[in-house]
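Below is one structure, written out as structure tokens; the observations come after it.
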Amino acid sequence: MAAPALADDTELGDGRWFTLYSSENRVLLRTGIRIHVGDRFLDSDNCLYQVYKIDEVRLQAWARQVEDEGTWAAVGTQGLPGADNKKIAVYHTHSGESYLPSDGVDSTDQSQGGVYKVGAELSKRIEKYDEIEVTHCQETFFPYSGSYRRSRTAAASLVGAGELDAI
């Protein structure tokens, strides 16, 4: 979901979830994060949807496909309107992921895996060659199971800090 759902950090809890439907009533997503009008969702077919209607009682929401990929992808590369200094954040959902050839293991549960080295190098190159300020989050989210849920708080915190063009 887009930043509005992360910014207020509202999780439903108690095993409840929102179901997001297309305007043709096809299920697009089920999530434990509260959905808001205006939120956007990119599906596995690279179709972008925007939420236009919510039923808070039934925990249902509906979204329309926004535009074709060519149109919205070009807009996404422009950054924030009026932003002179571009800023992005990099974080890692699976802290233990490593690379057998360089790290000697494919994963670890003891410390930051090799994926953090990749993130550091990526951040350094983006800053050097693209002149974009990068915040590289060093937080870890062990164990592997449930790491998407736990890492979402880091993403919400990074988004909540404001002024990011991308995460």
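Here's how to read the names in the structure tokens: chain A, B, ... by the order shown, residue numbers from 1 in each chain, ligand numbers from 1 in the order shown.
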| field | Ala154 (chain A) surroundings by only C-alpha atoms, 12 Å radius, close-in-sequence under 5 positions cut, as number ranges by chain | value | A: 6-7, 9, 89-93, 135-141, 147-149, 159-161, 167
| task | Excluding Gly13 (chain A) and any residue of its chain fewer than 3 positions from it, enumerate the residues within 12 Å of it, using only C-alpha atoms, and give them as a VMD selection string. | result | chain A and resid 9 to 10 16 to 18 31 to 34 149
| Distance of CA of Lys87 (chain A) from CA of Ala63 (chain A), expressed in Å to one decimal place | 28.7 Å
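Closest to Ile88 (chain A) among A:Thr19, A:Ser123, A:Gln50, A:Ser151 is A:Ser123, based on only C-alpha atoms.
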| Would you give me, as a list in words, the residues in region 41-144 of chain A that DSSP reads as helix (DSSP H, G or I)? | Glu69, Gly70, Thr71, Trp72, Ala73, Ala74, Val75, Gly76, Leu100, Pro101, Ser102, Asp103, Val115, Tyr116, Lys117, Val118, Gly119, Ala120, Glu121, Leu122, Ser123, Lys124, Arg125, Ile126, Glu127, Lys128, Tyr129 and Asp130 of chain A
Selected residues written out with N, CA and C atoms, as a tab-separated table (two decimals), in the first residue's frame:
```
chain	number	residue	atom	x	y	z
A	69	GLU	N	1.00	1.26	-17.40
A	69	GLU	CA	2.34	1.32	-16.81
A	69	GLU	C	3.18	2.46	-17.37
A	70	GLY	N	3.12	2.67	-18.67
A	70	GLY	CA	3.95	3.71	-19.29
A	70	GLY	C	3.69	5.09	-18.70
A	71	THR	N	2.43	5.39	-18.43
A	71	THR	CA	2.09	6.72	-17.90
A	71	THR	C	2.53	6.88	-16.47
A	72	TRP	N	2.13	5.93	-15.59
A	72	TRP	CA	2.47	6.13	-14.17
A	72	TRP	C	3.93	5.87	-13.88
A	73	ALA	N	4.59	5.01	-14.65
A	73	ALA	CA	6.01	4.75	-14.40
A	73	ALA	C	6.83	5.99	-14.71
A	74	ALA	N	6.48	6.71	-15.76
A	74	ALA	CA	7.21	7.94	-16.09
A	74	ALA	C	7.03	8.98	-15.00
A	75	VAL	N	5.83	9.09	-14.45
A	75	VAL	CA	5.58	10.03	-13.37
A	75	VAL	C	6.40	9.65	-12.14
A	76	GLY	N	6.50	8.37	-11.85
A	76	GLY	CA	7.24	7.90	-10.68
A	76	GLY	C	8.71	8.23	-10.72
A	100	LEU	N	26.26	-17.17	-0.86
A	100	LEU	CA	27.18	-18.28	-0.67
A	100	LEU	C	28.59	-18.01	-1.22
A	101	PRO	N	28.73	-17.52	-2.45
A	101	PRO	CA	30.08	-17.32	-2.97
A	101	PRO	C	30.91	-16.32	-2.16
A	102	SER	N	30.31	-15.23	-1.69
A	102	SER	CA	31.10	-14.20	-0.99
A	102	SER	C	31.02	-14.31	0.53
A	103	ASP	N	29.91	-14.79	1.07
A	103	ASP	CA	29.74	-14.85	2.53
A	103	ASP	C	29.99	-16.23	3.11
A	115	VAL	N	23.28	-9.23	2.55
A	115	VAL	CA	22.38	-8.30	1.88
A	115	VAL	C	22.64	-6.86	2.34
A	116	TYR	N	23.14	-6.69	3.56
A	116	TYR	CA	23.47	-5.35	4.05
A	116	TYR	C	24.68	-4.77	3.33
A	117	LYS	N	25.64	-5.63	2.95
A	117	LYS	CA	26.79	-5.18	2.17
A	117	LYS	C	26.31	-4.70	0.79
A	118	VAL	N	25.38	-5.46	0.22
A	118	VAL	CA	24.82	-5.08	-1.07
A	118	VAL	C	24.09	-3.74	-0.94
A	119	GLY	N	23.30	-3.59	0.12
A	119	GLY	CA	22.59	-2.33	0.35
A	119	GLY	C	23.53	-1.15	0.53
A	120	ALA	N	24.65	-1.38	1.23
A	120	ALA	CA	25.64	-0.31	1.44
A	120	ALA	C	26.27	0.10	0.12
A	121	GLU	N	26.63	-0.89	-0.70
A	121	GLU	CA	27.24	-0.60	-2.00
A	121	GLU	C	26.24	0.10	-2.92
A	122	LEU	N	25.00	-0.37	-2.93
A	122	LEU	CA	23.95	0.26	-3.72
A	122	LEU	C	23.77	1.71	-3.29
A	123	SER	N	23.68	1.93	-1.99
A	123	SER	CA	23.50	3.29	-1.46
A	123	SER	C	24.66	4.20	-1.87
A	124	LYS	N	25.87	3.69	-1.74
A	124	LYS	CA	27.07	4.47	-2.08
A	124	LYS	C	27.06	4.86	-3.56
A	125	ARG	N	26.73	3.92	-4.42
A	125	ARG	CA	26.74	4.20	-5.86
A	125	ARG	C	25.62	5.17	-6.25
A	126	ILE	N	24.45	5.01	-5.64
A	126	ILE	CA	23.34	5.94	-5.94
A	126	ILE	C	23.74	7.35	-5.54
A	127	GLU	N	24.34	7.48	-4.36
A	127	GLU	CA	24.76	8.81	-3.90
A	127	GLU	C	25.83	9.40	-4.81
A	128	LYS	N	26.78	8.58	-5.23
A	128	LYS	CA	27.90	9.07	-6.04
A	128	LYS	C	27.48	9.39	-7.48
A	129	TYR	N	26.80	8.46	-8.13
A	129	TYR	CA	26.52	8.61	-9.56
A	129	TYR	C	25.20	9.30	-9.86
A	130	ASP	N	24.22	9.15	-8.99
A	130	ASP	CA	22.91	9.74	-9.24
A	130	ASP	C	22.66	10.99	-8.41
```
